[in-house]
>>> print(open('my_file_31.txt').read())   # compact mmCIF, N, CA, C and O atoms
# COMPACT_ATOMS: atom_id res chain seq x y z
N MET A 231 1.52 -45.17 -33.09
CA MET A 231 0.41 -44.88 -33.95
C MET A 231 0.70 -43.56 -34.68
O MET A 231 0.98 -42.54 -34.06
N ALA A 232 0.66 -43.60 -35.99
CA ALA A 232 0.90 -42.40 -36.78
C ALA A 232 -0.40 -41.62 -36.91
O ALA A 232 -1.45 -42.19 -37.19
N GLU A 233 -0.29 -40.35 -36.69
CA GLU A 233 -1.49 -39.51 -36.80
C GLU A 233 -1.07 -38.10 -37.17
O GLU A 233 -0.07 -37.59 -36.66
N ILE A 234 -1.80 -37.51 -38.04
CA ILE A 234 -1.58 -36.12 -38.41
C ILE A 234 -2.57 -35.30 -37.60
O ILE A 234 -3.77 -35.54 -37.65
N LYS A 235 -2.08 -34.35 -36.85
CA LYS A 235 -2.96 -33.53 -36.02
C LYS A 235 -3.02 -32.11 -36.58
O LYS A 235 -2.00 -31.44 -36.65
N VAL A 236 -4.18 -31.69 -36.98
CA VAL A 236 -4.39 -30.31 -37.42
C VAL A 236 -4.97 -29.55 -36.24
O VAL A 236 -6.01 -29.93 -35.70
N LYS A 237 -4.28 -28.51 -35.82
CA LYS A 237 -4.77 -27.72 -34.69
C LYS A 237 -5.82 -26.73 -35.21
O LYS A 237 -5.53 -25.86 -36.02
N THR A 238 -7.00 -26.89 -34.70
CA THR A 238 -8.11 -26.03 -35.16
C THR A 238 -8.55 -25.06 -34.07
O THR A 238 -9.60 -24.44 -34.21
N THR A 239 -7.73 -24.90 -33.04
CA THR A 239 -8.14 -24.04 -31.93
C THR A 239 -8.30 -22.59 -32.37
O THR A 239 -9.23 -21.91 -31.93
N SER A 240 -7.42 -22.11 -33.24
CA SER A 240 -7.55 -20.72 -33.71
C SER A 240 -8.84 -20.54 -34.49
O SER A 240 -9.54 -19.54 -34.33
N LEU A 241 -9.14 -21.50 -35.33
CA LEU A 241 -10.37 -21.44 -36.10
C LEU A 241 -11.59 -21.47 -35.18
O LEU A 241 -12.53 -20.69 -35.35
N GLU A 242 -11.56 -22.33 -34.18
CA GLU A 242 -12.66 -22.41 -33.23
C GLU A 242 -12.81 -21.12 -32.43
O GLU A 242 -13.93 -20.68 -32.15
N ASP A 243 -11.67 -20.49 -32.08
CA ASP A 243 -11.72 -19.21 -31.36
C ASP A 243 -12.39 -18.13 -32.21
O ASP A 243 -13.18 -17.34 -31.70
N GLU A 244 -12.05 -18.10 -33.49
CA GLU A 244 -12.65 -17.09 -34.37
C GLU A 244 -14.13 -17.35 -34.59
O GLU A 244 -14.92 -16.41 -34.69
N ILE A 245 -14.52 -18.61 -34.63
CA ILE A 245 -15.94 -18.95 -34.75
C ILE A 245 -16.70 -18.44 -33.52
O ILE A 245 -17.79 -17.87 -33.64
N LYS A 246 -16.11 -18.61 -32.34
CA LYS A 246 -16.74 -18.11 -31.12
C LYS A 246 -16.86 -16.58 -31.15
O LYS A 246 -17.88 -16.02 -30.74
N LYS A 247 -15.81 -15.90 -31.62
CA LYS A 247 -15.86 -14.44 -31.71
C LYS A 247 -16.97 -13.98 -32.64
O LYS A 247 -17.70 -13.02 -32.35
N LEU A 248 -17.09 -14.66 -33.79
CA LEU A 248 -18.17 -14.31 -34.72
C LEU A 248 -19.54 -14.59 -34.11
O LEU A 248 -20.49 -13.84 -34.33
N GLY A 249 -19.64 -15.67 -33.34
CA GLY A 249 -20.90 -15.96 -32.66
C GLY A 249 -21.27 -14.87 -31.67
O GLY A 249 -22.43 -14.47 -31.57
N ASN A 250 -20.27 -14.37 -30.95
CA ASN A 250 -20.52 -13.26 -30.02
C ASN A 250 -20.95 -12.00 -30.76
O ASN A 250 -21.85 -11.28 -30.31
N LEU A 251 -20.30 -11.73 -31.91
CA LEU A 251 -20.68 -10.57 -32.71
C LEU A 251 -22.11 -10.70 -33.20
O LEU A 251 -22.89 -9.74 -33.13
N LYS A 252 -22.47 -11.88 -33.65
CA LYS A 252 -23.84 -12.12 -34.12
C LYS A 252 -24.84 -11.88 -33.00
O LYS A 252 -25.87 -11.23 -33.19
N ASN A 253 -24.54 -12.41 -31.80
CA ASN A 253 -25.44 -12.22 -30.67
C ASN A 253 -25.58 -10.75 -30.30
O ASN A 253 -26.68 -10.30 -29.97
N LYS A 254 -24.49 -9.99 -30.36
CA LYS A 254 -24.57 -8.56 -30.07
C LYS A 254 -25.48 -7.87 -31.08
O LYS A 254 -26.27 -7.00 -30.72
N CYS A 255 -25.33 -8.25 -32.35
CA CYS A 255 -26.17 -7.64 -33.38
C CYS A 255 -27.64 -7.98 -33.17
O CYS A 255 -28.51 -7.12 -33.33
N LEU A 256 -27.90 -9.22 -32.82
CA LEU A 256 -29.29 -9.64 -32.61
C LEU A 256 -29.90 -9.02 -31.36
O LEU A 256 -31.09 -8.77 -31.31
N ASN A 257 -29.08 -8.78 -30.34
CA ASN A 257 -29.58 -8.22 -29.09
C ASN A 257 -29.65 -6.70 -29.10
O ASN A 257 -30.14 -6.11 -28.16
N TYR A 258 -29.13 -6.10 -30.16
CA TYR A 258 -29.14 -4.64 -30.24
C TYR A 258 -30.56 -4.11 -30.28
O TYR A 258 -30.86 -3.08 -29.71
N GLY A 259 -31.42 -4.85 -30.93
CA GLY A 259 -32.84 -4.46 -30.96
C GLY A 259 -33.12 -3.36 -31.96
O GLY A 259 -32.24 -2.71 -32.49
N ASP A 260 -34.37 -3.19 -32.21
CA ASP A 260 -34.81 -2.12 -33.11
C ASP A 260 -35.02 -0.86 -32.30
O ASP A 260 -35.84 -0.82 -31.40
N SER A 261 -34.26 0.14 -32.63
CA SER A 261 -34.44 1.43 -31.96
C SER A 261 -34.88 2.47 -32.98
O SER A 261 -34.30 3.53 -33.10
N ASN A 262 -35.89 2.08 -33.74
CA ASN A 262 -36.39 2.99 -34.77
C ASN A 262 -37.06 4.19 -34.14
O ASN A 262 -37.87 4.05 -33.22
N PRO A 263 -36.74 5.36 -34.63
CA PRO A 263 -37.42 6.54 -34.10
C PRO A 263 -38.87 6.56 -34.55
O PRO A 263 -39.20 6.10 -35.63
N GLN A 264 -39.72 7.05 -33.68
CA GLN A 264 -41.13 7.18 -34.03
C GLN A 264 -41.32 8.46 -34.82
O GLN A 264 -40.87 9.54 -34.41
N CYS A 265 -41.94 8.31 -35.97
CA CYS A 265 -42.17 9.47 -36.82
C CYS A 265 -43.46 10.17 -36.39
O CYS A 265 -44.50 9.55 -36.27
N VAL A 266 -43.32 11.46 -36.16
CA VAL A 266 -44.47 12.27 -35.79
C VAL A 266 -44.61 13.32 -36.88
O VAL A 266 -43.66 14.00 -37.22
N GLY A 267 -45.78 13.43 -37.38
CA GLY A 267 -45.99 14.41 -38.43
C GLY A 267 -45.91 13.74 -39.79
O GLY A 267 -46.08 12.55 -39.93
N GLY A 268 -45.61 14.52 -40.77
CA GLY A 268 -45.56 13.97 -42.12
C GLY A 268 -44.67 14.83 -42.99
O GLY A 268 -43.89 15.64 -42.51
N GLY A 269 -44.79 14.62 -44.23
CA GLY A 269 -44.01 15.39 -45.17
C GLY A 269 -42.88 14.55 -45.76
O GLY A 269 -42.59 13.44 -45.34
N SER A 270 -42.22 15.14 -46.75
CA SER A 270 -41.18 14.40 -47.47
C SER A 270 -39.95 14.15 -46.62
O SER A 270 -39.28 13.13 -46.77
N THR A 271 -39.63 15.04 -45.68
CA THR A 271 -38.46 14.84 -44.81
C THR A 271 -38.67 13.62 -43.93
O THR A 271 -37.78 12.78 -43.79
N VAL A 272 -39.84 13.50 -43.33
CA VAL A 272 -40.14 12.35 -42.48
C VAL A 272 -40.13 11.07 -43.31
O VAL A 272 -39.61 10.04 -42.87
N THR A 273 -40.64 11.12 -44.51
CA THR A 273 -40.65 9.96 -45.39
C THR A 273 -39.22 9.53 -45.72
O THR A 273 -38.89 8.34 -45.68
N GLU A 274 -38.35 10.48 -46.01
CA GLU A 274 -36.96 10.16 -46.33
C GLU A 274 -36.22 9.60 -45.12
O GLU A 274 -35.42 8.67 -45.24
N ILE A 275 -36.49 10.14 -43.94
CA ILE A 275 -35.87 9.62 -42.73
C ILE A 275 -36.33 8.19 -42.49
O ILE A 275 -35.53 7.30 -42.15
N GLN A 276 -37.60 7.92 -42.69
CA GLN A 276 -38.11 6.56 -42.53
C GLN A 276 -37.48 5.63 -43.56
O GLN A 276 -37.17 4.48 -43.24
N ASN A 277 -37.28 6.10 -44.78
CA ASN A 277 -36.61 5.30 -45.80
C ASN A 277 -35.18 4.96 -45.38
O ASN A 277 -34.70 3.84 -45.60
N LEU A 278 -34.48 5.92 -44.76
CA LEU A 278 -33.13 5.67 -44.27
C LEU A 278 -33.14 4.64 -43.14
O LEU A 278 -32.27 3.76 -43.08
N VAL A 279 -34.11 4.75 -42.25
CA VAL A 279 -34.23 3.78 -41.16
C VAL A 279 -34.45 2.39 -41.73
O VAL A 279 -33.81 1.42 -41.30
N ASN A 280 -35.31 2.28 -42.73
CA ASN A 280 -35.56 0.99 -43.36
C ASN A 280 -34.30 0.44 -44.03
O ASN A 280 -34.02 -0.76 -43.96
N LEU A 281 -33.53 1.33 -44.66
CA LEU A 281 -32.29 0.92 -45.30
C LEU A 281 -31.31 0.37 -44.27
O LEU A 281 -30.70 -0.69 -44.47
N TYR A 282 -31.14 1.07 -43.16
CA TYR A 282 -30.24 0.60 -42.11
C TYR A 282 -30.73 -0.71 -41.49
O TYR A 282 -29.91 -1.57 -41.14
N ASN A 283 -32.02 -0.87 -41.36
CA ASN A 283 -32.56 -2.14 -40.85
C ASN A 283 -32.23 -3.28 -41.81
O ASN A 283 -31.87 -4.39 -41.38
N ASP A 284 -32.36 -3.03 -43.11
CA ASP A 284 -32.00 -4.04 -44.11
C ASP A 284 -30.51 -4.37 -44.03
O ASP A 284 -30.12 -5.54 -44.10
N LEU A 285 -29.68 -3.33 -43.91
CA LEU A 285 -28.24 -3.56 -43.79
C LEU A 285 -27.92 -4.40 -42.56
O LEU A 285 -27.08 -5.31 -42.61
N ASP A 286 -28.58 -4.12 -41.47
CA ASP A 286 -28.35 -4.87 -40.24
C ASP A 286 -28.72 -6.34 -40.42
O ASP A 286 -27.98 -7.24 -40.03
N ARG A 287 -29.87 -6.60 -41.03
CA ARG A 287 -30.30 -7.99 -41.26
C ARG A 287 -29.33 -8.71 -42.18
O ARG A 287 -28.97 -9.87 -41.95
N HIS A 288 -28.87 -8.01 -43.23
CA HIS A 288 -27.92 -8.64 -44.15
C HIS A 288 -26.57 -8.89 -43.48
O HIS A 288 -25.91 -9.90 -43.77
N PHE A 289 -26.15 -8.00 -42.60
CA PHE A 289 -24.90 -8.20 -41.88
C PHE A 289 -24.98 -9.43 -40.98
O PHE A 289 -24.06 -10.25 -40.93
N VAL A 290 -26.09 -9.57 -40.28
CA VAL A 290 -26.29 -10.74 -39.42
C VAL A 290 -26.29 -12.01 -40.27
O VAL A 290 -25.69 -13.03 -39.89
N GLN A 291 -26.90 -11.96 -41.44
CA GLN A 291 -26.91 -13.12 -42.34
C GLN A 291 -25.50 -13.43 -42.82
O GLN A 291 -25.09 -14.60 -42.90
N LEU A 292 -24.72 -12.40 -43.13
CA LEU A 292 -23.33 -12.60 -43.55
C LEU A 292 -22.51 -13.26 -42.45
O LEU A 292 -21.76 -14.20 -42.70
N VAL A 293 -22.67 -12.79 -41.22
CA VAL A 293 -21.94 -13.38 -40.09
C VAL A 293 -22.39 -14.83 -39.89
O VAL A 293 -21.55 -15.71 -39.68
N SER A 294 -23.68 -15.09 -39.99
CA SER A 294 -24.19 -16.45 -39.84
C SER A 294 -23.61 -17.38 -40.91
O SER A 294 -23.20 -18.51 -40.61
N ASN A 295 -23.59 -16.91 -42.14
CA ASN A 295 -23.03 -17.72 -43.23
C ASN A 295 -21.54 -17.96 -43.03
O ASN A 295 -21.04 -19.05 -43.33
N THR A 296 -20.83 -16.97 -42.54
CA THR A 296 -19.40 -17.12 -42.29
C THR A 296 -19.16 -18.14 -41.18
O THR A 296 -18.25 -18.97 -41.29
N ILE A 297 -19.96 -18.08 -40.13
CA ILE A 297 -19.84 -19.07 -39.05
C ILE A 297 -20.08 -20.48 -39.59
O ILE A 297 -19.33 -21.41 -39.30
N GLU A 298 -21.12 -20.63 -40.38
CA GLU A 298 -21.43 -21.94 -40.95
C GLU A 298 -20.28 -22.43 -41.84
O GLU A 298 -19.87 -23.60 -41.75
N PHE A 299 -19.73 -21.56 -42.67
CA PHE A 299 -18.61 -21.93 -43.53
C PHE A 299 -17.40 -22.35 -42.70
O PHE A 299 -16.77 -23.38 -42.98
N MET A 300 -17.08 -21.58 -41.67
CA MET A 300 -15.93 -21.89 -40.84
C MET A 300 -16.14 -23.19 -40.06
O MET A 300 -15.19 -23.97 -39.88
N ASN A 301 -17.35 -23.46 -39.63
CA ASN A 301 -17.65 -24.74 -38.98
C ASN A 301 -17.46 -25.90 -39.96
O ASN A 301 -16.92 -26.96 -39.60
N ASN A 302 -17.86 -25.70 -41.21
CA ASN A 302 -17.67 -26.73 -42.23
C ASN A 302 -16.19 -26.97 -42.51
O ASN A 302 -15.76 -28.11 -42.69
N VAL A 303 -15.41 -25.89 -42.55
CA VAL A 303 -13.96 -26.02 -42.75
C VAL A 303 -13.35 -26.79 -41.58
O VAL A 303 -12.53 -27.69 -41.78
N ASN A 304 -13.76 -26.45 -40.38
CA ASN A 304 -13.25 -27.13 -39.19
C ASN A 304 -13.58 -28.62 -39.24
O ASN A 304 -12.72 -29.47 -38.99
N THR A 305 -14.81 -28.94 -39.56
CA THR A 305 -15.22 -30.34 -39.67
C THR A 305 -14.41 -31.06 -40.75
O THR A 305 -13.98 -32.20 -40.56
N SER A 306 -14.20 -30.39 -41.86
CA SER A 306 -13.42 -30.97 -42.95
C SER A 306 -11.99 -31.27 -42.52
O SER A 306 -11.44 -32.33 -42.84
N TYR A 307 -11.38 -30.34 -41.78
CA TYR A 307 -10.03 -30.57 -41.26
C TYR A 307 -9.99 -31.81 -40.37
O TYR A 307 -9.12 -32.66 -40.50
N VAL A 308 -10.93 -31.90 -39.46
CA VAL A 308 -10.96 -33.01 -38.51
C VAL A 308 -11.17 -34.33 -39.26
O VAL A 308 -10.48 -35.33 -38.98
N GLU A 309 -12.12 -34.36 -40.20
CA GLU A 309 -12.38 -35.59 -40.94
C GLU A 309 -11.19 -35.97 -41.82
O GLU A 309 -10.84 -37.16 -41.91
N SER A 310 -10.56 -34.99 -42.46
CA SER A 310 -9.39 -35.28 -43.29
C SER A 310 -8.25 -35.81 -42.44
O SER A 310 -7.52 -36.73 -42.85
N ASP A 311 -8.09 -35.24 -41.27
CA ASP A 311 -7.05 -35.69 -40.34
C ASP A 311 -7.29 -37.15 -39.95
O ASP A 311 -6.37 -37.97 -39.94
N LYS A 312 -8.53 -37.47 -39.65
CA LYS A 312 -8.86 -38.84 -39.25
C LYS A 312 -8.64 -39.81 -40.40
O LYS A 312 -8.08 -40.89 -40.21
N LYS A 313 -9.05 -39.42 -41.61
CA LYS A 313 -8.85 -40.30 -42.78
C LYS A 313 -7.36 -40.53 -43.03
O LYS A 313 -6.94 -41.65 -43.34
N ALA A 314 -6.57 -39.46 -42.93
CA ALA A 314 -5.13 -39.60 -43.15
C ALA A 314 -4.51 -40.52 -42.10
O ALA A 314 -3.69 -41.39 -42.43
N ALA A 315 -4.93 -40.38 -40.86
CA ALA A 315 -4.41 -41.23 -39.79
C ALA A 315 -4.83 -42.68 -40.00
O ALA A 315 -4.02 -43.59 -39.82
N ASP A 316 -6.08 -42.88 -40.40
CA ASP A 316 -6.56 -44.23 -40.63
C ASP A 316 -5.81 -44.91 -41.77
O ASP A 316 -5.49 -46.09 -41.71
N SER A 317 -5.53 -44.14 -42.84
CA SER A 317 -4.82 -44.74 -43.98
C SER A 317 -3.37 -45.05 -43.61
O SER A 317 -2.82 -46.04 -44.08
N ILE A 318 -2.75 -44.24 -42.76
CA ILE A 318 -1.39 -44.52 -42.31
C ILE A 318 -1.38 -45.75 -41.42
O ILE A 318 -0.50 -46.60 -41.53
N ASN A 319 -2.37 -45.86 -40.55
CA ASN A 319 -2.45 -46.99 -39.61
C ASN A 319 -2.75 -48.31 -40.34
O ASN A 319 -2.37 -49.37 -39.86
N SER A 320 -3.44 -48.24 -41.45
CA SER A 320 -3.83 -49.48 -42.15
C SER A 320 -2.69 -50.06 -42.98
O SER A 320 -2.77 -51.19 -43.44
N LYS A 321 -1.61 -49.31 -43.14
CA LYS A 321 -0.47 -49.81 -43.95
C LYS A 321 0.45 -50.66 -43.14
O LYS A 321 0.62 -50.70 -42.03
>>> encode(input="my_file_31.txt", output="structure tokens")
Amino acid sequence: MAEIKVKTTSLEDEIKKLGNLKNKCLNYGDSNPQCVGGGSTVTEIQNLVNLYNDLDRHFVQLVSNTIEFMNNVNTSYVESDKKAADSINSK
């Protein structure tokens, strides 16, 4: 039986690593400092905290999108491999 085998273990390993990174980011939690008092300095510090929170959310979204893309690539490899094997077998 002729079959083309694409090894996707490296890709699967990297997907797992990204999943672990995503979980670490999600489990890090919000450690926002509590603002006591007022004034422009406290307002600017709070603005920085909000900026870093936004960056964190966007980073998690980036990792999630990368995982999804890599899973799609992996699926595509497997399906293409199967189609190629099926076409070879049908001849």
>>> closest_residue(input="my_file_31.txt", among="A:Ala315, A:Val308, A:Leu285, A:Val290", to="Leu248 of chain A", atoms="all atoms listed in the file")
A:Val290
>>> residues_around(input="my_file_31.txt", residues="Lys252 of chain A", least_positions_apart="4", cutoff="8 Å", atoms="all atoms listed in the file", output="VMD selection string")
chain A and resid 245 to 248 256 to 258 289 to 291 293 to 294
>>> write_last_selection(input="my_file_31.txt", atoms="N, CA, C and O atoms", output="PDB file, keeping the file's coordinate frame")
ATOM      1  N   ILE A 245     -14.520 -18.610 -34.630  1.00  0.00           N
ATOM      2  CA  ILE A 245     -15.940 -18.950 -34.750  1.00  0.00           C
ATOM      3  C   ILE A 245     -16.700 -18.440 -33.520  1.00  0.00           C
ATOM      4  O   ILE A 245     -17.790 -17.870 -33.640  1.00  0.00           O
ATOM      5  N   LYS A 246     -16.110 -18.610 -32.340  1.00  0.00           N
ATOM      6  CA  LYS A 246     -16.740 -18.110 -31.120  1.00  0.00           C
ATOM      7  C   LYS A 246     -16.860 -16.580 -31.150  1.00  0.00           C
ATOM      8  O   LYS A 246     -17.880 -16.020 -30.740  1.00  0.00           O
ATOM      9  N   LYS A 247     -15.810 -15.900 -31.620  1.00  0.00           N
ATOM     10  CA  LYS A 247     -15.860 -14.440 -31.710  1.00  0.00           C
ATOM     11  C   LYS A 247     -16.970 -13.980 -32.640  1.00  0.00           C
ATOM     12  O   LYS A 247     -17.700 -13.020 -32.350  1.00  0.00           O
ATOM     13  N   LEU A 248     -17.090 -14.660 -33.790  1.00  0.00           N
ATOM     14  CA  LEU A 248     -18.170 -14.310 -34.720  1.00  0.00           C
ATOM     15  C   LEU A 248     -19.540 -14.590 -34.110  1.00  0.00           C
ATOM     16  O   LEU A 248     -20.490 -13.840 -34.330  1.00  0.00           O
ATOM     17  N   LEU A 256     -27.900  -9.220 -32.820  1.00  0.00           N
ATOM     18  CA  LEU A 256     -29.290  -9.640 -32.610  1.00  0.00           C
ATOM     19  C   LEU A 256     -29.900  -9.020 -31.360  1.00  0.00           C
ATOM     20  O   LEU A 256     -31.090  -8.770 -31.310  1.00  0.00           O
ATOM     21  N   ASN A 257     -29.080  -8.780 -30.340  1.00  0.00           N
ATOM     22  CA  ASN A 257     -29.580  -8.220 -29.090  1.00  0.00           C
ATOM     23  C   ASN A 257     -29.650  -6.700 -29.100  1.00  0.00           C
ATOM     24  O   ASN A 257     -30.140  -6.110 -28.160  1.00  0.00           O
ATOM     25  N   TYR A 258     -29.130  -6.100 -30.160  1.00  0.00           N
ATOM     26  CA  TYR A 258     -29.140  -4.640 -30.240  1.00  0.00           C
ATOM     27  C   TYR A 258     -30.560  -4.110 -30.280  1.00  0.00           C
ATOM     28  O   TYR A 258     -30.860  -3.080 -29.710  1.00  0.00           O
ATOM     29  N   PHE A 289     -26.150  -8.000 -42.600  1.00  0.00           N
ATOM     30  CA  PHE A 289     -24.900  -8.200 -41.880  1.00  0.00           C
ATOM     31  C   PHE A 289     -24.980  -9.430 -40.980  1.00  0.00           C
ATOM     32  O   PHE A 289     -24.060 -10.250 -40.930  1.00  0.00           O
ATOM     33  N   VAL A 290     -26.090  -9.570 -40.280  1.00  0.00           N
ATOM     34  CA  VAL A 290     -26.290 -10.740 -39.420  1.00  0.00           C
ATOM     35  C   VAL A 290     -26.290 -12.010 -40.270  1.00  0.00           C
ATOM     36  O   VAL A 290     -25.690 -13.030 -39.890  1.00  0.00           O
ATOM     37  N   GLN A 291     -26.900 -11.960 -41.440  1.00  0.00           N
ATOM     38  CA  GLN A 291     -26.910 -13.120 -42.340  1.00  0.00           C
ATOM     39  C   GLN A 291     -25.500 -13.430 -42.820  1.00  0.00           C
ATOM     40  O   GLN A 291     -25.090 -14.600 -42.900  1.00  0.00           O
ATOM     41  N   VAL A 293     -22.670 -12.790 -41.220  1.00  0.00           N
ATOM     42  CA  VAL A 293     -21.940 -13.380 -40.090  1.00  0.00           C
ATOM     43  C   VAL A 293     -22.390 -14.830 -39.890  1.00  0.00           C
ATOM     44  O   VAL A 293     -21.550 -15.710 -39.680  1.00  0.00           O
ATOM     45  N   SER A 294     -23.680 -15.090 -39.990  1.00  0.00           N
ATOM     46  CA  SER A 294     -24.190 -16.450 -39.840  1.00  0.00           C
ATOM     47  C   SER A 294     -23.610 -17.380 -40.910  1.00  0.00           C
ATOM     48  O   SER A 294     -23.200 -18.510 -40.610  1.00  0.00           O
TER      49      SER A 294
END
>>> atom_distance(input="my_file_31.txt", atom1="atom C of Glu242 of chain A", atom2="atom CA of Ala314 of chain A")
22.7 Å
>>> select_by_dssp(input="my_file_31.txt", residues="chain A", states="alpha helix (DSSP H)", output="ChimeraX atom specification")
/A:239-257,270-319
>>> closest_residue(input="my_file_31.txt", among="A:Cys255, A:Asn301, A:Asp311, A:Ile318", to="Arg287 of chain A", atoms="only N, CA, C and O atoms")
A:Cys255
>>> atom_distance(input="my_file_31.txt", atom1="atom CA of Glu274 of chain A", atom2="atom CA of Asp286 of chain A")
18.4 Å
>>> atom_distance(input="my_file_31.txt", atom1="atom CA of Leu241 of chain A", atom2="atom O of Met300 of chain A")
6.6 Å
>>> axis_aligned_box(input="my_file_31.txt", around="segment 271-289 of chain A", padding_each_side="5 Å", output="JSON")
{"center_x": -32.4, "center_y": 2.4, "center_z": -43.2, "size_x": 26.6, "size_y": 35.3, "size_z": 16.3}
